[in-house]
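Novice: Below: one structure in C-alpha coordinates.
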Amino acid sequence: MRGVADCEIELYGPDQDVHSGSFGGAVPNPATVAGRIVAALHDADERVAIPGFYDGVTELTDTERALVAELPFDEAAWLRTAKSHGTLGEAGFSTLERVWARPTAEVNGIGGGYQGPGGKTIVPASAHLKLSFRLVAGQDPAKIELAVRDWLAGLVPAGIRYGIVFGAPTRPCLTPSTTPP
(Lines give C-alpha, C1' and ligand atoms only; values in the text may rest on other atoms or scores of the structure.)
Protein backbone atom coordinates (compact mmCIF):
# COMPACT_ATOMS: atom_id res chain seq x y z
CA MET A 1 0.00 0.00 0.00
CA ARG A 2 1.29 3.41 -0.83
CA GLY A 3 1.45 5.94 1.95
CA VAL A 4 0.84 9.64 1.65
CA ALA A 5 2.28 12.98 2.66
CA ASP A 6 0.38 16.13 1.76
CA CYS A 7 0.91 19.83 2.18
CA GLU A 8 -0.59 23.23 1.62
CA ILE A 9 1.63 26.06 0.45
CA GLU A 10 0.66 29.72 0.81
CA LEU A 11 2.61 32.31 -1.18
CA TYR A 12 2.45 36.02 -0.40
CA GLY A 13 3.66 38.93 -2.51
CA PRO A 14 2.40 42.49 -2.11
CA ASP A 15 0.33 43.15 1.02
CA GLN A 16 -2.70 43.66 -1.25
CA ASP A 17 -3.59 43.14 -4.89
CA VAL A 18 -1.87 45.90 -6.87
CA HIS A 19 -2.53 47.30 -10.35
CA SER A 20 -0.52 45.48 -13.02
CA GLY A 21 -0.21 48.66 -15.10
CA SER A 22 1.64 50.40 -12.28
CA PHE A 23 3.43 47.43 -10.66
CA GLY A 24 3.37 44.45 -13.07
CA GLY A 25 6.80 43.24 -14.07
CA ALA A 26 8.38 45.10 -11.15
CA VAL A 27 7.07 43.27 -8.06
CA PRO A 28 7.03 39.50 -7.46
CA ASN A 29 3.80 37.77 -8.45
CA PRO A 30 2.83 34.89 -6.14
CA ALA A 31 0.61 33.30 -8.82
CA THR A 32 3.56 33.18 -11.21
CA VAL A 33 5.70 31.62 -8.48
CA ALA A 34 2.96 29.01 -7.87
CA GLY A 35 3.07 28.14 -11.57
CA ARG A 36 6.85 27.77 -11.46
CA ILE A 37 6.63 25.48 -8.43
CA VAL A 38 4.09 23.26 -10.19
CA ALA A 39 6.22 23.22 -13.36
CA ALA A 40 9.30 22.19 -11.35
CA LEU A 41 7.56 19.26 -9.66
CA HIS A 42 8.30 16.74 -12.46
CA ASP A 43 11.00 16.34 -15.10
CA ALA A 44 10.42 15.57 -18.79
CA ASP A 45 10.06 11.84 -17.98
CA GLU A 46 7.34 12.55 -15.37
CA ARG A 47 9.77 11.64 -12.60
CA VAL A 48 9.39 13.66 -9.40
CA ALA A 49 12.14 16.29 -9.53
CA ILE A 50 12.51 16.95 -5.79
CA PRO A 51 16.09 16.08 -4.76
CA GLY A 52 16.15 13.08 -2.44
CA PHE A 53 12.56 12.08 -3.23
CA TYR A 54 13.54 8.59 -4.44
CA ASP A 55 16.05 7.92 -1.66
CA GLY A 56 15.31 4.52 -0.13
CA VAL A 57 12.60 3.53 -2.64
CA THR A 58 12.19 -0.25 -2.76
CA GLU A 59 12.42 -1.07 -6.45
CA LEU A 60 10.40 -3.84 -8.03
CA THR A 61 12.45 -6.93 -8.78
CA ASP A 62 12.51 -8.38 -12.30
CA THR A 63 10.36 -11.24 -10.99
CA GLU A 64 7.80 -8.83 -9.53
CA ARG A 65 7.67 -6.85 -12.76
CA ALA A 66 7.10 -10.06 -14.71
CA LEU A 67 4.29 -11.08 -12.33
CA VAL A 68 2.60 -7.68 -12.70
CA ALA A 69 2.90 -7.92 -16.50
CA GLU A 70 1.11 -11.31 -16.42
CA LEU A 71 -1.95 -9.94 -14.64
CA PRO A 72 -5.13 -9.58 -16.66
CA PHE A 73 -5.45 -5.82 -16.97
CA ASP A 74 -7.76 -4.00 -19.36
CA GLU A 75 -6.24 -0.53 -19.54
CA ALA A 76 -9.11 0.81 -21.67
CA ALA A 77 -11.64 -0.29 -19.04
CA TRP A 78 -9.44 1.16 -16.30
CA LEU A 79 -9.33 4.49 -18.18
CA ARG A 80 -13.12 4.48 -18.50
CA THR A 81 -13.40 3.93 -14.74
CA ALA A 82 -10.98 6.82 -14.21
CA LYS A 83 -12.99 8.99 -16.65
CA SER A 84 -9.62 9.75 -18.26
CA HIS A 85 -8.63 10.02 -21.91
CA GLY A 86 -5.09 8.70 -21.56
CA THR A 87 -2.37 7.57 -19.22
CA LEU A 88 0.64 9.56 -18.13
CA GLY A 89 3.32 8.82 -15.61
CA GLU A 90 6.91 8.00 -14.86
CA ALA A 91 8.65 6.71 -18.00
CA GLY A 92 9.75 3.09 -18.00
CA PHE A 93 6.89 1.75 -15.87
CA SER A 94 3.53 0.21 -16.75
CA THR A 95 0.29 1.69 -15.51
CA LEU A 96 -0.08 -1.00 -12.82
CA GLU A 97 3.54 -0.52 -11.70
CA ARG A 98 2.94 3.23 -11.41
CA VAL A 99 -0.24 2.79 -9.38
CA TRP A 100 1.05 0.04 -7.10
CA ALA A 101 4.79 0.48 -6.71
CA ARG A 102 5.96 3.96 -7.70
CA PRO A 103 5.89 7.16 -5.68
CA THR A 104 4.11 10.19 -7.08
CA ALA A 105 3.63 13.91 -6.65
CA GLU A 106 0.23 15.38 -7.48
CA VAL A 107 -1.12 18.91 -7.63
CA ASN A 108 -4.47 18.67 -5.84
CA GLY A 109 -5.34 22.35 -6.05
CA ILE A 110 -3.96 25.67 -7.21
CA GLY A 111 -5.38 29.13 -6.87
CA GLY A 112 -4.64 32.78 -6.51
CA GLY A 113 -5.51 36.16 -7.80
CA TYR A 114 -8.78 37.27 -9.29
CA GLN A 115 -11.22 34.44 -10.09
CA GLY A 116 -14.40 36.37 -10.88
CA PRO A 117 -16.00 37.12 -14.25
CA GLY A 118 -14.18 39.31 -16.74
CA GLY A 119 -10.69 40.66 -16.39
CA LYS A 120 -8.99 42.44 -13.55
CA THR A 121 -5.49 43.71 -14.20
CA ILE A 122 -3.67 42.98 -10.94
CA VAL A 123 -0.64 41.42 -9.42
CA PRO A 124 -2.31 39.28 -6.75
CA ALA A 125 -1.36 39.46 -3.10
CA SER A 126 -1.37 35.69 -2.67
CA ALA A 127 -1.56 32.24 -4.25
CA HIS A 128 -1.84 28.75 -2.85
CA LEU A 129 -1.11 25.14 -3.73
CA LYS A 130 -2.19 21.79 -2.37
CA LEU A 131 0.19 18.93 -3.12
CA SER A 132 0.16 15.25 -2.23
CA PHE A 133 2.90 12.67 -2.44
CA ARG A 134 2.13 8.95 -2.67
CA LEU A 135 4.96 7.08 -0.98
CA VAL A 136 6.19 3.52 -1.47
CA ALA A 137 8.12 1.07 0.66
CA GLY A 138 11.47 2.47 1.73
CA GLN A 139 10.31 6.09 1.83
CA ASP A 140 10.08 7.88 5.16
CA PRO A 141 7.33 10.56 5.28
CA ALA A 142 9.46 12.71 7.62
CA LYS A 143 12.34 12.68 5.13
CA ILE A 144 9.96 13.48 2.27
CA GLU A 145 8.64 16.46 4.24
CA LEU A 146 12.20 17.76 4.75
CA ALA A 147 13.03 17.22 1.07
CA VAL A 148 9.92 19.14 -0.01
CA ARG A 149 10.68 21.98 2.41
CA ASP A 150 14.28 22.27 1.13
CA TRP A 151 13.17 22.07 -2.52
CA LEU A 152 10.54 24.77 -1.98
CA ALA A 153 13.00 27.08 -0.19
CA GLY A 154 15.24 26.88 -3.26
CA LEU A 155 12.42 27.86 -5.62
CA VAL A 156 10.82 30.82 -3.87
CA PRO A 157 12.39 34.11 -4.99
CA ALA A 158 13.16 37.15 -2.88
CA GLY A 159 10.07 39.25 -2.23
CA ILE A 160 7.77 36.26 -1.83
CA ARG A 161 6.94 35.11 1.68
CA TYR A 162 5.55 31.64 2.10
CA GLY A 163 4.25 29.10 4.54
CA ILE A 164 3.98 25.33 4.20
CA VAL A 165 1.88 23.05 6.40
CA PHE A 166 1.92 19.26 6.18
CA GLY A 167 -0.97 17.02 7.14
CA ALA A 168 -0.63 13.81 9.14
CA PRO A 169 1.30 11.31 7.00
CA THR A 170 0.51 7.67 6.33
CA ARG A 171 3.50 5.34 6.05
CA PRO A 172 3.70 2.98 3.07
CA CYS A 173 3.81 -0.75 3.65
CA LEU A 174 4.95 -3.72 1.60
CA THR A 175 4.01 -7.36 1.78
CA PRO A 176 6.76 -9.29 -0.02
CA SER A 177 5.58 -11.32 -3.01
CA THR A 178 7.12 -14.39 -1.35
CA THR A 179 4.69 -14.18 1.59
CA PRO A 180 2.50 -17.32 1.69
CA PRO A 181 -1.19 -16.67 0.94
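By order of appearance in the C-alpha coordinates: chains A, B, ..., then residues from 1 within every chain, and ligands from 1 in the order shown.
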Can you tell me which residues surround segment 85-98 of chain A at a distance of at most 6 Å, considering only C-alpha atoms, apart from same-chain residues fewer than 2 positions away, and format the answer as a PyMOL selection string?

Specialist: chain A and resi 45-47+100-102

Novice: Which residues are near Lys120 of chain A? Cut-off 10 Å, only C-alpha atoms, ignore same chain within fewer than 5 positions. Put them as a PyMOL selection string.

Specialist: chain A and resi 19-20+113-115

Novice: For all heavy atoms, I'd like the residues from the last selection saved as a PDB file, in the first residue's frame.

Specialist:
```pdb
ATOM      1  N   HIS A  19      -2.238  47.105  -8.932  1.00  0.00           N
ATOM      2  CA  HIS A  19      -2.534  47.300 -10.349  1.00  0.00           C
ATOM      3  C   HIS A  19      -1.345  46.860 -11.201  1.00  0.00           C
ATOM      4  O   HIS A  19      -0.209  47.298 -10.987  1.00  0.00           O
ATOM      5  CB  HIS A  19      -2.863  48.774 -10.600  1.00  0.00           C
ATOM      6  CG  HIS A  19      -3.403  49.035 -11.960  1.00  0.00           C
ATOM      7  ND1 HIS A  19      -2.590  49.313 -13.026  1.00  0.00           N
ATOM      8  CD2 HIS A  19      -4.688  49.057 -12.426  1.00  0.00           C
ATOM      9  CE1 HIS A  19      -3.331  49.494 -14.098  1.00  0.00           C
ATOM     10  NE2 HIS A  19      -4.620  49.346 -13.742  1.00  0.00           N
ATOM     11  N   SER A  20      -1.616  45.988 -12.186  1.00  0.00           N
ATOM     12  CA  SER A  20      -0.520  45.481 -13.017  1.00  0.00           C
ATOM     13  C   SER A  20       0.058  46.556 -13.936  1.00  0.00           C
ATOM     14  O   SER A  20       1.213  46.454 -14.336  1.00  0.00           O
ATOM     15  CB  SER A  20      -0.985  44.280 -13.836  1.00  0.00           C
ATOM     16  OG  SER A  20      -1.971  44.659 -14.780  1.00  0.00           O
ATOM     17  N   GLY A 113      -5.105  35.041  -6.970  1.00  0.00           N
ATOM     18  CA  GLY A 113      -5.515  36.155  -7.802  1.00  0.00           C
ATOM     19  C   GLY A 113      -7.003  36.219  -8.042  1.00  0.00           C
ATOM     20  O   GLY A 113      -7.799  35.550  -7.395  1.00  0.00           O
ATOM     21  N   TYR A 114      -7.376  37.012  -8.985  1.00  0.00           N
ATOM     22  CA  TYR A 114      -8.778  37.267  -9.295  1.00  0.00           C
ATOM     23  C   TYR A 114      -9.396  36.055  -9.992  1.00  0.00           C
ATOM     24  O   TYR A 114      -8.844  35.552 -10.972  1.00  0.00           O
ATOM     25  CB  TYR A 114      -8.890  38.505 -10.176  1.00  0.00           C
ATOM     26  CG  TYR A 114     -10.307  38.843 -10.540  1.00  0.00           C
ATOM     27  CD1 TYR A 114     -11.200  39.276  -9.573  1.00  0.00           C
ATOM     28  CD2 TYR A 114     -10.758  38.710 -11.844  1.00  0.00           C
ATOM     29  CE1 TYR A 114     -12.516  39.579  -9.895  1.00  0.00           C
ATOM     30  CE2 TYR A 114     -12.062  39.019 -12.177  1.00  0.00           C
ATOM     31  CZ  TYR A 114     -12.939  39.444 -11.196  1.00  0.00           C
ATOM     32  OH  TYR A 114     -14.237  39.739 -11.515  1.00  0.00           O
ATOM     33  N   GLN A 115     -10.539  35.595  -9.523  1.00  0.00           N
ATOM     34  CA  GLN A 115     -11.221  34.437 -10.087  1.00  0.00           C
ATOM     35  C   GLN A 115     -12.623  34.764 -10.586  1.00  0.00           C
ATOM     36  O   GLN A 115     -13.322  33.865 -11.060  1.00  0.00           O
ATOM     37  CB  GLN A 115     -11.314  33.320  -9.038  1.00  0.00           C
ATOM     38  CG  GLN A 115      -9.987  32.866  -8.483  1.00  0.00           C
ATOM     39  CD  GLN A 115      -9.111  32.167  -9.506  1.00  0.00           C
ATOM     40  OE1 GLN A 115      -9.579  31.321 -10.245  1.00  0.00           O
ATOM     41  NE2 GLN A 115      -7.848  32.539  -9.559  1.00  0.00           N
TER      42      GLN A 115
END
```

Novice: Smallest atom-to-atom distance to Pro124 of chain A: which of A:Val136, A:Val156, A:Cys7, A:Gly111, using only C-alpha atoms?

Specialist: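 Among A:Val136, A:Val156, A:Cys7, A:Gly111, it is A:Gly111 that comes nearest to Pro124 of chain A.
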
Novice: What does the structure give for the distance between atom CA of Gly167 of chain A and atom CA of Asp6 of chain A, in Å to one decimal?

Specialist: 5.6 Å

Novice: Where does DSSP see helix (DSSP H, G or I) in segment 10-132 of chain A, if you list the residues as a PyMOL selection string?

Specialist: chain A and resi 20-23+30-39+62-70+75-82+95-101

Novice: Give the answer as one residue: which of A:Pro181, A:Pro157, A:Gly25, A:Pro103 has the shortest atom-to-atom distance to Gly138 of chain A, using only C-alpha atoms?

Specialist: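 With only C-alpha atoms as the atom set, the closest residue is A:Pro103.
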
Novice: Atom CA of Ala127 of chain A and atom CA of Tyr162 of chain A, how far apart in Å?

Specialist: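 A separation of 9.6 Å between them.
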